[in-house]
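With mmCIF, C-alpha atoms and all ligand atoms inside, this is coords_11.cif:
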data_entry
#
loop_
_atom_site.group_PDB
_atom_site.id
_atom_site.type_symbol
_atom_site.label_atom_id
_atom_site.label_comp_id
_atom_site.auth_asym_id
_atom_site.auth_seq_id
_atom_site.Cartn_x
_atom_site.Cartn_y
_atom_site.Cartn_z
ATOM 1 C CA MET F 235 4.114 -21.051 -22.843
ATOM 2 C CA GLN F 236 7.518 -21.818 -21.397
ATOM 3 C CA ILE F 237 7.960 -22.650 -17.719
ATOM 4 C CA ILE F 238 11.280 -21.327 -16.403
ATOM 5 C CA LYS F 239 12.494 -21.989 -12.879
ATOM 6 C CA HIS F 240 16.015 -20.579 -12.879
ATOM 7 C CA ILE F 241 17.377 -17.081 -13.440
ATOM 8 C CA GLN F 242 20.101 -18.440 -15.731
ATOM 9 C CA SER F 243 17.618 -20.034 -18.105
ATOM 10 C CA LEU F 244 15.469 -16.917 -17.923
ATOM 11 C CA ASP F 245 18.515 -14.874 -18.982
ATOM 12 C CA LYS F 246 18.935 -17.008 -22.089
ATOM 13 C CA ALA F 247 15.278 -16.740 -23.076
ATOM 14 C CA LEU F 248 15.323 -12.971 -22.494
ATOM 15 C CA LEU F 249 18.460 -12.512 -24.560
ATOM 16 C CA LYS F 250 16.754 -14.206 -27.480
ATOM 17 C CA MET F 251 13.675 -11.992 -27.104
ATOM 18 C CA ARG F 252 15.728 -8.806 -26.867
ATOM 19 C CA LYS F 253 17.777 -9.717 -29.944
ATOM 20 C CA GLN F 254 14.496 -9.682 -31.814
ATOM 21 C CA GLY F 255 13.819 -6.198 -30.399
ATOM 22 C CA ALA F 256 10.908 -7.326 -28.241
ATOM 23 C CA THR F 257 9.442 -5.048 -25.563
ATOM 24 C CA ILE F 258 8.985 -7.114 -22.449
ATOM 25 C CA GLY F 259 5.976 -6.817 -20.152
ATOM 26 C CA PHE F 260 6.120 -8.309 -16.665
ATOM 27 C CA VAL F 261 3.342 -9.346 -14.288
ATOM 28 C CA PRO F 262 4.551 -10.446 -10.851
ATOM 29 C CA THR F 263 2.067 -12.583 -8.897
ATOM 30 C CA MET F 264 1.835 -14.998 -6.011
ATOM 31 C CA GLY F 265 -0.317 -17.431 -8.006
ATOM 32 C CA ALA F 266 -3.854 -18.687 -7.244
ATOM 33 C CA LEU F 267 -4.678 -16.625 -10.293
ATOM 34 C CA HIS F 268 -8.039 -15.024 -10.991
ATOM 35 C CA LYS F 269 -9.475 -12.515 -13.448
ATOM 36 C CA GLY F 270 -7.743 -9.639 -11.643
ATOM 37 C CA HIS F 271 -4.328 -11.127 -12.397
ATOM 38 C CA LEU F 272 -5.420 -11.979 -15.929
ATOM 39 C CA SER F 273 -6.452 -8.377 -16.601
ATOM 40 C CA LEU F 274 -2.814 -7.427 -15.962
ATOM 41 C CA VAL F 275 -1.570 -10.177 -18.270
ATOM 42 C CA ASN F 276 -4.049 -9.129 -20.966
ATOM 43 C CA LYS F 277 -2.870 -5.522 -20.771
ATOM 44 C CA SER F 278 0.729 -6.618 -21.152
ATOM 45 C CA VAL F 279 -0.058 -8.963 -24.044
ATOM 46 C CA GLN F 280 -1.894 -6.115 -25.805
ATOM 47 C CA SER F 281 0.968 -3.647 -25.559
ATOM 48 C CA CYS F 282 4.211 -5.641 -25.349
ATOM 49 C CA HIS F 283 5.789 -8.141 -27.744
ATOM 50 C CA SER F 284 6.476 -10.623 -24.962
ATOM 51 C CA THR F 285 4.846 -11.153 -21.600
ATOM 52 C CA ILE F 286 6.408 -12.796 -18.580
ATOM 53 C CA ALA F 287 4.408 -13.594 -15.468
ATOM 54 C CA SER F 288 6.036 -14.770 -12.284
ATOM 55 C CA ILE F 289 4.500 -16.956 -9.626
ATOM 56 C CA TYR F 290 6.273 -16.899 -6.311
ATOM 57 C CA VAL F 291 4.785 -16.776 -2.828
ATOM 58 C CA ASN F 292 7.308 -14.468 -1.236
ATOM 59 C CA PRO F 293 7.875 -15.411 2.418
ATOM 60 C CA THR F 294 9.538 -12.108 3.373
ATOM 61 C CA GLN F 295 6.379 -10.067 2.790
ATOM 62 C CA PHE F 296 4.243 -12.165 5.142
ATOM 63 C CA ASN F 297 4.223 -10.835 8.674
ATOM 64 C CA ASN F 298 1.843 -13.614 9.703
ATOM 65 C CA LYS F 299 3.088 -17.224 9.509
ATOM 66 C CA ASN F 300 -0.409 -18.693 9.236
ATOM 67 C CA ASP F 301 -1.263 -16.403 6.342
ATOM 68 C CA LEU F 302 1.805 -17.739 4.513
ATOM 69 C CA LYS F 303 1.032 -21.353 5.431
ATOM 70 C CA ASN F 304 -2.589 -21.071 4.255
ATOM 71 C CA TYR F 305 -1.883 -19.071 1.101
ATOM 72 C CA PRO F 306 -3.731 -20.875 -1.727
ATOM 73 C CA GLY F 307 -1.974 -22.253 -4.799
ATOM 74 C CA ASN F 308 -2.757 -24.424 -7.810
ATOM 75 C CA PHE F 309 -0.066 -24.330 -10.453
ATOM 76 C CA LYS F 310 -1.915 -26.476 -12.982
ATOM 77 C CA ALA F 311 -4.895 -24.109 -13.026
ATOM 78 C CA ASP F 312 -2.567 -21.078 -13.093
ATOM 79 C CA TYR F 313 -0.647 -22.545 -16.026
ATOM 80 C CA GLU F 314 -3.853 -23.064 -18.027
ATOM 81 C CA LEU F 315 -5.012 -19.506 -17.372
ATOM 82 C CA LEU F 316 -1.685 -17.894 -18.295
ATOM 83 C CA ASP F 317 -1.316 -20.092 -21.358
ATOM 84 C CA SER F 318 -4.743 -19.198 -22.679
ATOM 85 C CA ALA F 319 -4.050 -15.506 -21.996
ATOM 86 C CA LYS F 320 -1.046 -15.863 -24.367
ATOM 87 C CA CYS F 321 1.589 -15.261 -21.745
ATOM 88 C CA ASP F 322 4.985 -16.280 -23.181
ATOM 89 C CA ILE F 323 6.894 -17.311 -20.086
ATOM 90 C CA VAL F 324 5.912 -18.184 -16.555
ATOM 91 C CA PHE F 325 8.820 -17.687 -14.199
ATOM 92 C CA LEU F 326 8.445 -20.081 -11.304
ATOM 93 C CA PRO F 327 11.428 -19.728 -9.005
ATOM 94 C CA GLY F 328 11.920 -21.638 -5.775
ATOM 95 C CA ASP F 329 13.086 -20.173 -2.466
ATOM 96 C CA LYS F 330 16.737 -21.068 -3.190
ATOM 97 C CA GLU F 331 16.590 -19.179 -6.454
ATOM 98 C CA MET F 332 15.129 -16.020 -4.944
ATOM 99 C CA TYR F 333 16.860 -16.127 -1.566
ATOM 100 C CA PRO F 334 20.120 -18.091 -1.942
ATOM 101 C CA GLU F 335 21.036 -16.290 1.265
ATOM 102 C CA GLN F 336 19.074 -14.213 3.722
ATOM 103 C CA ASP F 337 18.167 -10.827 2.272
ATOM 104 C CA LYS F 338 19.274 -8.288 4.849
ATOM 105 C CA ARG F 339 18.415 -5.199 2.834
ATOM 106 C CA HIS F 340 16.345 -2.523 4.545
ATOM 107 C CA PHE F 341 14.422 -0.220 2.300
ATOM 108 C CA ASN F 342 13.203 3.150 3.455
ATOM 109 C CA PHE F 343 10.333 4.612 1.495
ATOM 110 C CA GLY F 344 9.291 7.001 4.243
ATOM 111 C CA PHE F 345 5.695 7.776 5.066
ATOM 112 C CA ILE F 346 4.023 6.006 2.133
ATOM 113 C CA SER F 347 5.202 2.659 3.463
ATOM 114 C CA GLU F 348 4.581 3.440 7.125
ATOM 115 C CA ILE F 349 0.826 3.985 7.361
ATOM 116 C CA MET F 350 -2.086 1.604 6.687
ATOM 117 C CA GLU F 351 -0.590 -1.693 5.442
ATOM 118 C CA GLY F 352 2.830 -0.587 6.714
ATOM 119 C CA GLU F 353 1.448 0.010 10.176
ATOM 120 C CA MET F 354 -0.699 -3.120 10.355
ATOM 121 C CA ARG F 355 1.776 -5.451 8.657
ATOM 122 C CA PRO F 356 5.248 -4.477 9.910
ATOM 123 C CA GLY F 357 7.969 -5.455 7.445
ATOM 124 C CA HIS F 358 5.475 -6.169 4.662
ATOM 125 C CA PHE F 359 6.679 -3.522 2.221
ATOM 126 C CA ASN F 360 10.300 -4.291 2.967
ATOM 127 C CA GLY F 361 9.589 -7.857 1.858
ATOM 128 C CA VAL F 362 7.725 -6.587 -1.193
ATOM 129 C CA ALA F 363 10.699 -4.366 -2.115
ATOM 130 C CA GLN F 364 13.134 -7.261 -1.624
ATOM 131 C CA ILE F 365 11.277 -9.564 -3.988
ATOM 132 C CA VAL F 366 10.271 -6.940 -6.539
ATOM 133 C CA THR F 367 13.875 -5.691 -6.915
ATOM 134 C CA LYS F 368 15.060 -9.302 -7.323
ATOM 135 C CA LEU F 369 12.371 -9.968 -9.929
ATOM 136 C CA PHE F 370 13.013 -6.680 -11.752
ATOM 137 C CA ASP F 371 16.737 -7.502 -11.820
ATOM 138 C CA ALA F 372 16.023 -10.981 -13.184
ATOM 139 C CA VAL F 373 13.411 -10.014 -15.793
ATOM 140 C CA LYS F 374 14.578 -6.451 -16.652
ATOM 141 C CA PRO F 375 11.210 -5.662 -18.189
ATOM 142 C CA ASP F 376 10.301 -2.531 -20.134
ATOM 143 C CA ARG F 377 6.929 -2.370 -18.401
ATOM 144 C CA ALA F 378 5.560 -3.937 -15.242
ATOM 145 C CA TYR F 379 1.871 -4.270 -14.434
ATOM 146 C CA PHE F 380 0.422 -3.904 -10.946
ATOM 147 C CA GLY F 381 -3.185 -3.843 -9.723
ATOM 148 C CA LYS F 382 -4.751 -0.806 -8.077
ATOM 149 C CA LYS F 383 -6.323 -3.301 -5.713
ATOM 150 C CA ASP F 384 -3.026 -3.011 -3.828
ATOM 151 C CA PHE F 385 -3.158 0.771 -3.933
ATOM 152 C CA GLN F 386 -0.397 1.379 -1.397
ATOM 153 C CA GLN F 387 1.826 -1.302 -2.917
ATOM 154 C CA LEU F 388 1.535 0.478 -6.266
ATOM 155 C CA ALA F 389 2.655 3.753 -4.624
ATOM 156 C CA VAL F 390 5.598 1.958 -2.982
ATOM 157 C CA ILE F 391 6.633 0.329 -6.281
ATOM 158 C CA ARG F 392 6.508 3.691 -8.069
ATOM 159 C CA LYS F 393 8.751 5.152 -5.378
ATOM 160 C CA LEU F 394 11.091 2.148 -5.541
ATOM 161 C CA VAL F 395 11.467 2.590 -9.303
ATOM 162 C CA ASP F 396 12.196 6.313 -8.801
ATOM 163 C CA ASP F 397 14.562 5.879 -5.859
ATOM 164 C CA TYR F 398 16.592 3.074 -7.436
ATOM 165 C CA ASN F 399 16.517 4.389 -11.024
ATOM 166 C CA TYR F 400 14.854 1.376 -12.597
ATOM 167 C CA ASN F 401 14.101 2.099 -16.219
ATOM 168 C CA ILE F 402 10.743 0.355 -16.028
ATOM 169 C CA GLU F 403 7.363 1.859 -16.806
ATOM 170 C CA ILE F 404 4.920 0.990 -14.035
ATOM 171 C CA ILE F 405 1.352 0.502 -15.230
ATOM 172 C CA GLY F 406 -1.445 0.587 -12.647
ATOM 173 C CA CYS F 407 -4.481 -1.486 -13.661
ATOM 174 C CA PRO F 408 -8.106 -1.137 -12.461
ATOM 175 C CA ILE F 409 -9.543 -3.354 -9.720
ATOM 176 C CA VAL F 410 -11.445 -6.361 -11.076
ATOM 177 C CA ARG F 411 -14.474 -7.292 -8.968
ATOM 178 C CA GLU F 412 -16.889 -10.159 -8.519
ATOM 179 C CA LYS F 413 -20.474 -9.483 -9.673
ATOM 180 C CA ASP F 414 -21.443 -8.498 -6.136
ATOM 181 C CA GLY F 415 -18.620 -5.966 -5.927
ATOM 182 C CA LEU F 416 -16.116 -7.896 -3.820
ATOM 183 C CA ALA F 417 -12.612 -7.171 -5.116
ATOM 184 C CA MET F 418 -11.144 -10.358 -6.551
ATOM 185 C CA SER F 419 -8.385 -11.752 -4.373
ATOM 186 C CA SER F 420 -6.559 -15.059 -4.098
ATOM 187 C CA ARG F 421 -7.573 -15.090 -0.443
ATOM 188 C CA ASN F 422 -11.310 -15.033 -1.274
ATOM 189 C CA VAL F 423 -11.304 -18.833 -1.641
ATOM 190 C CA LEU F 424 -10.410 -19.062 2.049
ATOM 191 C CA LEU F 425 -13.643 -17.330 3.102
ATOM 192 C CA LYS F 426 -16.284 -19.414 4.849
ATOM 193 C CA GLU F 427 -19.774 -19.143 3.365
ATOM 194 C CA ALA F 428 -21.087 -16.672 5.945
ATOM 195 C CA GLU F 429 -17.962 -14.516 5.621
ATOM 196 C CA ARG F 430 -18.181 -14.554 1.845
ATOM 197 C CA SER F 431 -21.814 -13.473 1.913
ATOM 198 C CA GLU F 432 -20.990 -10.463 4.119
ATOM 199 C CA ALA F 433 -17.799 -9.503 2.265
ATOM 200 C CA PRO F 434 -19.564 -7.352 -0.394
ATOM 201 C CA ASN F 435 -20.351 -4.873 2.422
ATOM 202 C CA ILE F 436 -16.769 -3.678 2.068
ATOM 203 C CA TYR F 437 -17.164 -2.298 -1.443
ATOM 204 C CA GLU F 438 -20.738 -1.233 -0.729
ATOM 205 C CA ALA F 439 -19.433 0.957 2.115
ATOM 206 C CA LEU F 440 -16.853 2.510 -0.215
ATOM 207 C CA LEU F 441 -19.473 3.236 -2.874
ATOM 208 C CA GLN F 442 -21.829 4.710 -0.294
ATOM 209 C CA ILE F 443 -19.246 7.140 1.045
ATOM 210 C CA LYS F 444 -18.295 8.130 -2.488
ATOM 211 C CA ASN F 445 -21.918 9.207 -2.946
ATOM 212 C CA LYS F 446 -21.799 11.254 0.248
ATOM 213 C CA ILE F 447 -18.553 13.197 -0.101
ATOM 214 C CA GLU F 448 -20.169 16.444 -1.228
ATOM 215 C CA SER F 449 -22.458 16.662 1.763
ATOM 216 C CA THR F 450 -20.530 14.862 4.499
ATOM 217 C CA GLU F 451 -17.454 15.674 6.565
ATOM 218 C CA VAL F 452 -14.522 13.243 6.607
ATOM 219 C CA PHE F 453 -15.038 12.310 10.271
ATOM 220 C CA GLU F 454 -18.664 11.399 9.522
ATOM 221 C CA LEU F 455 -17.640 9.308 6.516
ATOM 222 C CA LYS F 456 -15.246 7.419 8.772
ATOM 223 C CA LYS F 457 -17.966 6.834 11.330
ATOM 224 C CA PHE F 458 -20.345 5.649 8.629
ATOM 225 C CA VAL F 459 -17.907 2.975 7.439
ATOM 226 C CA LYS F 460 -17.036 1.915 10.972
ATOM 227 C CA ASP F 461 -20.722 1.542 11.857
ATOM 228 C CA LYS F 462 -21.591 -0.302 8.672
ATOM 229 C CA ILE F 463 -18.839 -2.880 9.159
ATOM 230 C CA SER F 464 -19.606 -3.275 12.856
ATOM 231 C CA GLN F 465 -23.222 -4.098 11.999
ATOM 232 C CA THR F 466 -22.101 -7.293 10.251
ATOM 233 C CA LYS F 467 -21.507 -10.538 12.102
ATOM 234 C CA HIS F 468 -18.249 -11.729 10.601
ATOM 235 C CA LEU F 469 -16.416 -8.602 9.433
ATOM 236 C CA LYS F 470 -14.056 -6.639 11.633
ATOM 237 C CA LEU F 471 -12.568 -3.324 10.558
ATOM 238 C CA ASP F 472 -8.760 -3.229 10.609
ATOM 239 C CA TYR F 473 -8.533 0.339 9.316
ATOM 240 C CA PHE F 474 -10.336 2.834 7.146
ATOM 241 C CA ARG F 475 -8.444 5.894 5.880
ATOM 242 C CA ILE F 476 -9.144 8.700 3.479
ATOM 243 C CA VAL F 477 -5.800 9.785 2.061
ATOM 244 C CA ASP F 478 -4.147 12.006 -0.502
ATOM 245 C CA SER F 479 -3.737 9.621 -3.466
ATOM 246 C CA LYS F 480 -0.140 10.745 -4.107
ATOM 247 C CA THR F 481 1.375 11.284 -0.654
ATOM 248 C CA LEU F 482 -0.962 8.921 1.252
ATOM 249 C CA VAL F 483 -1.237 11.537 3.981
ATOM 250 C CA PRO F 484 -4.698 11.337 5.621
ATOM 251 C CA VAL F 485 -6.975 14.232 4.684
ATOM 252 C CA ASN F 486 -9.428 16.010 6.977
ATOM 253 C CA LYS F 487 -11.259 17.732 4.190
ATOM 254 C CA ILE F 488 -12.112 16.573 0.682
ATOM 255 C CA THR F 489 -11.834 19.193 -2.048
ATOM 256 C CA ASN F 490 -11.658 18.956 -5.816
ATOM 257 C CA GLU F 491 -8.116 20.269 -5.749
ATOM 258 C CA LYS F 492 -6.278 17.048 -5.094
ATOM 259 C CA ALA F 493 -6.823 13.358 -5.728
ATOM 260 C CA VAL F 494 -8.173 11.459 -2.736
ATOM 261 C CA THR F 495 -8.543 7.717 -2.162
ATOM 262 C CA ALA F 496 -10.420 5.829 0.526
ATOM 263 C CA CYS F 497 -8.637 2.679 1.710
ATOM 264 C CA ILE F 498 -10.006 -0.109 3.831
ATOM 265 C CA ALA F 499 -8.761 -3.334 5.410
ATOM 266 C CA VAL F 500 -11.199 -5.756 6.978
ATOM 267 C CA TYR F 501 -10.925 -9.135 8.642
ATOM 268 C CA ALA F 502 -13.557 -11.586 7.435
ATOM 269 C CA GLY F 503 -13.029 -14.250 10.070
ATOM 270 C CA LYS F 504 -9.292 -14.904 9.813
ATOM 271 C CA VAL F 505 -8.980 -13.701 6.238
ATOM 272 C CA ARG F 506 -7.731 -10.166 5.731
ATOM 273 C CA LEU F 507 -9.242 -8.310 2.784
ATOM 274 C CA ILE F 508 -8.264 -4.899 1.401
ATOM 275 C CA ASP F 509 -10.030 -2.584 -1.004
ATOM 276 C CA ASN F 510 -10.054 1.058 -2.042
ATOM 277 C CA ILE F 511 -11.908 3.605 -4.114
ATOM 278 C CA ASP F 512 -10.873 6.867 -5.738
ATOM 279 C CA LEU F 513 -13.066 9.618 -4.267
ATOM 280 C CA ILE F 514 -11.496 12.451 -6.275
ATOM 281 C CA THR F 515 -9.302 11.714 -9.294
HETATM 282 P P1 LIG F 601 -0.876 -11.069 -5.821
HETATM 283 O O1 LIG F 601 -0.822 -12.385 -6.517
HETATM 284 O O2 LIG F 601 -1.982 -10.934 -4.837
HETATM 285 O O3 LIG F 601 0.473 -10.640 -5.283
HETATM 286 O O4 LIG F 601 -1.231 -10.004 -6.937
HETATM 287 C C1 LIG F 601 -0.436 -9.861 -8.096
HETATM 288 C C2 LIG F 601 -0.858 -8.622 -8.826
HETATM 289 O O5 LIG F 601 -2.238 -8.726 -9.194
HETATM 290 C C3 LIG F 601 -0.746 -7.351 -7.959
HETATM 291 O O6 LIG F 601 -0.249 -6.295 -8.757
HETATM 292 C C4 LIG F 601 -2.172 -7.118 -7.531
HETATM 293 O O7 LIG F 601 -2.444 -5.756 -7.256
HETATM 294 C C5 LIG F 601 -2.929 -7.574 -8.762
HETATM 295 N N1 LIG F 601 -4.323 -7.894 -8.422
HETATM 296 C C6 LIG F 601 -4.746 -8.750 -7.455
HETATM 297 N N2 LIG F 601 -6.094 -8.745 -7.377
HETATM 298 C C7 LIG F 601 -6.531 -7.859 -8.304
HETATM 299 C C8 LIG F 601 -7.815 -7.389 -8.706
HETATM 300 N N3 LIG F 601 -8.928 -7.827 -8.140
HETATM 301 N N4 LIG F 601 -7.887 -6.481 -9.701
HETATM 302 C C9 LIG F 601 -6.744 -6.016 -10.286
HETATM 303 N N5 LIG F 601 -5.506 -6.413 -9.955
HETATM 304 C C10 LIG F 601 -5.392 -7.312 -8.977
#
Can you give me the file's structure in the form of structure tokens?
Ligand code: AMP
Amino acid sequence: MQIIKHIQSLDKALLKMRKQGATIGFVPTMGALHKGHLSLVNKSVQSCHSTIASIYVNPTQFNNKNDLKNYPGNFKADYELLDSAKCDIVFLPGDKEMYPEQDKRHFNFGFISEIMEGEMRPGHFNGVAQIVTKLFDAVKPDRAYFGKKDFQQLAVIRKLVDDYNYNIEIIGCPIVREKDGLAMSSRNVLLKEAERSEAPNIYEALLQIKNKIESTEVFELKKFVKDKISQTKHLKLDYFRIVDSKTLVPVNKITNEKAVTACIAVYAGKVRLIDNIDLIT
């Protein structure tokens, strides 16, 4: 696997690949890789001739300085994982490469970027859009792979691709979980033991409400989740929403007529965890 740090060298490598008619799959990440990231890489390797993963901890999407400062990273381990997954190139740009000057662009994706993560993390999706457009412009992939773990991010990326006419197929990949149900996340390593042992309550709550949707009103489902999280010692609910899977508009009633997703964000101590489940597909 090649390590490439500069857009110019990436251009050269890509030109060579394209001359050979290769379809290019792209997996953007912030490193501290786990099986969730690797599932995206595996999907790309299976269906594209060449796979490029990027590792870049993008400062503009962090609304909390401490979160950025504490974000985990271990390039050697990441390299090994990507190499054994048969990734062809890891793109590892520095800040100067991605932001040679301040990015002053303001993206407007409307409602889908304003609720939930958009509300709790002001500026987050603008930062995501800044880096993803830069990476898409650098890599120019045929397909890009994103996890459903970041459900709202996936919706924003789909809108970005539509709004800005990127000719890139966006592939959403299932959430990979630990054995006890906790969604894999780079931030999980930051959890203290007691927080980690309570964290599976998050997915448990989602599964429990999924089992109740036929017999329970939305407001009761919300109360159930709120109560369950408040009964733990170390978890604090940031938000819980049941939304239309396409528009992300909160729903008051669940019917079989449209897809509905339940989304949750929880603080485990200082670590913020998100998860979601499709209630109706
Ligand atoms: P990150 O490094 O957190 O920016 O994540 C990079 C990509 O991996 C994003 O598309 C995430 O949605 C995806 N991802 C992270 N965790 C998981 C997971 N547990 N299952 C599936 N995809 C994931």
Margin query: Neighbouring residues of Asp414 of chain F were defined as those with any atom within 12 Å, considering all atoms listed in the file; residues of the same chain fewer than 6 positions away were excluded. Please report them as a PyMOL selection string.
Written below: chain F and resi 430-438
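Between ligand LIG 601 (chain F) and the candidates F:Asn360, F:Gln442, F:Gln242, F:Ser419, the tightest atom-to-atom separation, counting all atoms listed in the file, involves F:Ser419.
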Next item on the list: Would you kindly translate the PyMOL selection byres (((chain F and resi 459) around 9) and not hetatm) into the concrete residues it picks from this file, as a PyMOL selection string?
Entry: chain F and resi 436+439-440+442-443+454-458+460-464+471+474
Notebook entry, point to check: For the file shown, what are the residues hit by the PyMOL selection byres (((chain F and resi 374) around 9) and not hetatm), laid out as a ChimeraX atom specification?
Noted result: /F:248,258,260,369-373,375-377,400-402
Check: Which residues sit within 6 Å of ligand LIG 601 (chain F), counting all atoms listed in the file, listed as an NGL selection string?
Finding: :F and (262-265 or 270-271 or 380-384 or 408-411 or 417-419)
